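Everything below concerns the one structure shown next.
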Amino acid sequence: MADVAMPDTSAPAPVSGDIEMPEVPTAVPEVHESETLYIQNLNEKIKIAVMKQTLKNLFKLYGPVLDVVAHANLRMRGQAFVSFDDKETAAKAMREVKGLPLYQKPMQITFARTRSDAVIAQLDSAELDKHKAVRLEHKRRQRFQNPHAVKLRAKRKAEKVEGAAPVPATKRPNVLMPDEYLPPNKILFLQNLPESVTKEQLNQLFSQYPNLHEVRLVPVKKDIAFVEYVDEASATAAKEALHNHRIDGETKIKVTFARK
């Protein structure tokens with residue numbers, strides 16, 4: 001009979017802790033690079049024109065900026081799109097600028113999901129009309145499928161079936177924006193002033209900051225006043241420094257941007 005090789009029993013049997021399990025690869029989400037960056041968490045108090053110019057000045061350090069898109073409507077507030085002429089420039093800009101504070105808020109940056117009109121016009125102008133048509137159709141479908149629109153259509157359909165008179169839409173009251181959230185401008189509004197305060201005192205206080213133009217008291221209401229600077233940046237610096245300042249050692253004055 002042929003010799004049969006017996007297994008070597010001299011080595012100890014492996015215990016469960018000694019068994020090396022195969023390494024399971026983890027799924028890495030695929031990143032679709034784009035020529036356009038989608039930026040969120042922008043300071044909503046900054047005027048749209050100012051924010052667009054600031055973004056253009058910042059991102060043109062990385063290459064030609066084809067377009068900057070930002071809107072003041074409720075759905076788009078605090079967001080913007082910046083388009084370059086190639087994906088590599090956009091990727092480099094995103095790596096280096098992502099998280100950078102802009103007007104005291106760190107920017108959140110990702111690639112846009114679709115190409116912008118400006119990119120198509122630059123790189124594939126023959127497809128621009130088709131691209132716009134597809135984009136507008138997509139926007140129309142989104143609005144049609146919006147939960148509020150669906151609910152409103154269902155309500156109107158039910159009213160029509162039941163023969164009930166449609167309920168008139170209630171007019172939304174005009175809500176006055178609080179002073180603290182007014183957009184920046186070059187005129188400051190002072191409140192809670194001591195009645196004994198003089199124009200000279202306010203001049204001395206606010207002239208610590210450059211480009212002071214004028215201090216105006218309100219004769220019929222002595223606890224308020226207006227301070228005007230030559231430019232918005234100077235007014236902003238004075239506001240940030242002197243809001244809640246104790247002008248007489250006791251009374252905190254309130255400093256906001258004036259309502260236009």
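Following the order of the structure tokens, first chain is A, next is B, and so on, with residues numbered from 1 inside each chain and ligands from 1 in the order they appear.
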
Item to check | All residues 12 Å or closer to A:Ser34, only C-alpha atoms, same chain fewer than 6 positions away omitted, as an MDAnalysis selection string | outcome: chainID A and resid 81:94 110:116 119:120

Take the residues from that selection and put them in a file with N, CA, C and O atoms, as a compact mmCIF listing (two decimals), in the first residue's frame.
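Below is the file again-v2.txt, written as the result:
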# COMPACT_ATOMS: atom_id res chain seq x y z
N PHE A 81 -22.97 80.12 -8.28
CA PHE A 81 -22.28 79.23 -9.22
C PHE A 81 -21.16 80.03 -9.88
O PHE A 81 -21.37 81.15 -10.34
N VAL A 82 -19.96 79.44 -9.92
CA VAL A 82 -18.81 80.07 -10.57
C VAL A 82 -18.31 79.13 -11.66
O VAL A 82 -17.99 77.96 -11.38
N SER A 83 -18.24 79.63 -12.89
CA SER A 83 -17.87 78.78 -14.03
C SER A 83 -16.50 79.15 -14.59
O SER A 83 -16.20 80.34 -14.77
N PHE A 84 -15.69 78.10 -14.86
CA PHE A 84 -14.38 78.26 -15.51
C PHE A 84 -14.44 77.64 -16.91
O PHE A 84 -15.45 77.03 -17.27
N ASP A 85 -13.36 77.77 -17.66
CA ASP A 85 -13.37 77.21 -19.02
C ASP A 85 -12.82 75.79 -19.08
O ASP A 85 -12.77 75.20 -20.16
N ASP A 86 -12.40 75.22 -17.94
CA ASP A 86 -12.00 73.81 -17.95
C ASP A 86 -12.15 73.22 -16.54
O ASP A 86 -12.18 73.93 -15.54
N LYS A 87 -12.25 71.88 -16.48
CA LYS A 87 -12.49 71.19 -15.22
C LYS A 87 -11.28 71.24 -14.29
O LYS A 87 -11.43 71.27 -13.07
N GLU A 88 -10.07 71.22 -14.87
CA GLU A 88 -8.87 71.22 -14.05
C GLU A 88 -8.76 72.50 -13.22
O GLU A 88 -8.42 72.46 -12.03
N THR A 89 -9.06 73.64 -13.84
CA THR A 89 -9.01 74.91 -13.11
C THR A 89 -10.06 74.92 -12.00
O THR A 89 -9.78 75.37 -10.87
N ALA A 90 -11.25 74.43 -12.31
CA ALA A 90 -12.32 74.39 -11.30
C ALA A 90 -11.91 73.50 -10.11
O ALA A 90 -12.13 73.85 -8.96
N ALA A 91 -11.31 72.35 -10.42
CA ALA A 91 -10.90 71.42 -9.36
C ALA A 91 -9.82 72.05 -8.47
O ALA A 91 -9.86 71.92 -7.24
N LYS A 92 -8.86 72.71 -9.07
CA LYS A 92 -7.79 73.36 -8.31
C LYS A 92 -8.36 74.47 -7.41
O LYS A 92 -8.00 74.59 -6.24
N ALA A 93 -9.26 75.26 -7.98
CA ALA A 93 -9.87 76.34 -7.20
C ALA A 93 -10.66 75.78 -6.02
O ALA A 93 -10.60 76.30 -4.90
N MET A 94 -11.39 74.68 -6.25
CA MET A 94 -12.19 74.09 -5.17
C MET A 94 -11.30 73.57 -4.05
O MET A 94 -11.57 73.79 -2.87
N THR A 110 -18.80 72.45 -3.91
CA THR A 110 -18.84 71.16 -4.62
C THR A 110 -18.92 71.46 -6.12
O THR A 110 -19.07 72.61 -6.53
N PHE A 111 -18.78 70.39 -6.93
CA PHE A 111 -18.98 70.56 -8.36
C PHE A 111 -20.47 70.65 -8.66
O PHE A 111 -21.28 69.94 -8.06
N ALA A 112 -20.84 71.53 -9.59
CA ALA A 112 -22.23 71.62 -10.02
C ALA A 112 -22.61 70.34 -10.77
O ALA A 112 -21.77 69.72 -11.42
N ARG A 113 -23.87 69.97 -10.68
CA ARG A 113 -24.31 68.72 -11.31
C ARG A 113 -24.45 68.84 -12.83
O ARG A 113 -24.39 67.85 -13.54
N THR A 114 -24.67 70.04 -13.31
CA THR A 114 -24.82 70.24 -14.76
C THR A 114 -23.93 71.39 -15.23
O THR A 114 -23.51 72.22 -14.43
N ARG A 115 -23.69 71.44 -16.51
CA ARG A 115 -22.89 72.53 -17.09
C ARG A 115 -23.72 73.81 -17.15
O ARG A 115 -24.94 73.76 -17.37
N SER A 116 -23.08 74.93 -16.96
CA SER A 116 -23.78 76.20 -17.03
C SER A 116 -23.92 76.67 -18.47
O SER A 116 -23.23 76.20 -19.37
N VAL A 119 -20.61 77.98 -19.85
CA VAL A 119 -19.65 76.96 -20.26
C VAL A 119 -20.03 76.40 -21.63
O VAL A 119 -19.18 76.23 -22.51
N ILE A 120 -21.31 76.11 -21.82
CA ILE A 120 -21.76 75.59 -23.12
C ILE A 120 -21.51 76.61 -24.22
O ILE A 120 -21.04 76.28 -25.31

Checklist entry - Can you tell me, as an MDAnalysis selection string, what residues are no more than 8 Å from A:Ile224 when counting only C-alpha atoms, ignoring any on the same chain fewer than 5 positions away? => result chainID A and resid 189:193 217:218

Checklist entry - Can you list, as an MDAnalysis selection string, every protein, DNA or RNA residue that comes within 6 Å of A:Gly99 when you count only C-alpha atoms, leaving out same-chain residues fewer than 3 positions away? => result chainID A and resid 106:108

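Comparing the minimum interatomic distances between A:Lys239 and each of A:Ala225, A:Ile187, A:Ala70, A:Ala133, counting only C-alpha atoms, we find that A:Ile187 sits nearest.
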
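A straight line drawn from atom CA of A:His71 to atom CA of A:Thr256 is 24.2 Å long.
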
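Those residues that approach A:Asn57 to within 12 Å, counting only C-alpha atoms, are Val50, Met51, Gly63, Pro64, Val65, Asp67, Val68 and Val82 of chain A; same-chain residues fewer than 6 positions away are not listed.
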
Next on the checklist: What does the structure give for the distance between atom CA of A:Asp179 and atom CA of A:Ala258, in Å to one decimal?
Outcome noted: 7.8 Å

Next on the checklist: Which residues are close to stretch 204-207 of chain A, i.e. within 7 Å by only C-alpha atoms, leaving aside same-chain residues fewer than 4 positions away? Reply as an MDAnalysis selection string.
Outcome noted: chainID A and resid 200 212 238

Limited to C-alpha atoms, could you put the picked residues into a file as a PDB file, in the first residue's frame?
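Saved the output as out-v4.pdb:
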ATOM      1  CA  GLU A 200     -20.115 116.953  19.048  1.00  0.00           C
ATOM      2  CA  LEU A 212     -16.935 110.045   8.375  1.00  0.00           C
ATOM      3  CA  ALA A 238     -17.803 101.626  12.670  1.00  0.00           C
TER       4      ALA A 238
END

Item to check | Residues near A:Lys47, cut-off 9 Å, only C-alpha atoms, skip fewer than 2 positions along chain, as a PyMOL selection string | outcome: chain A and resi 44-45+49-52+72+183-184
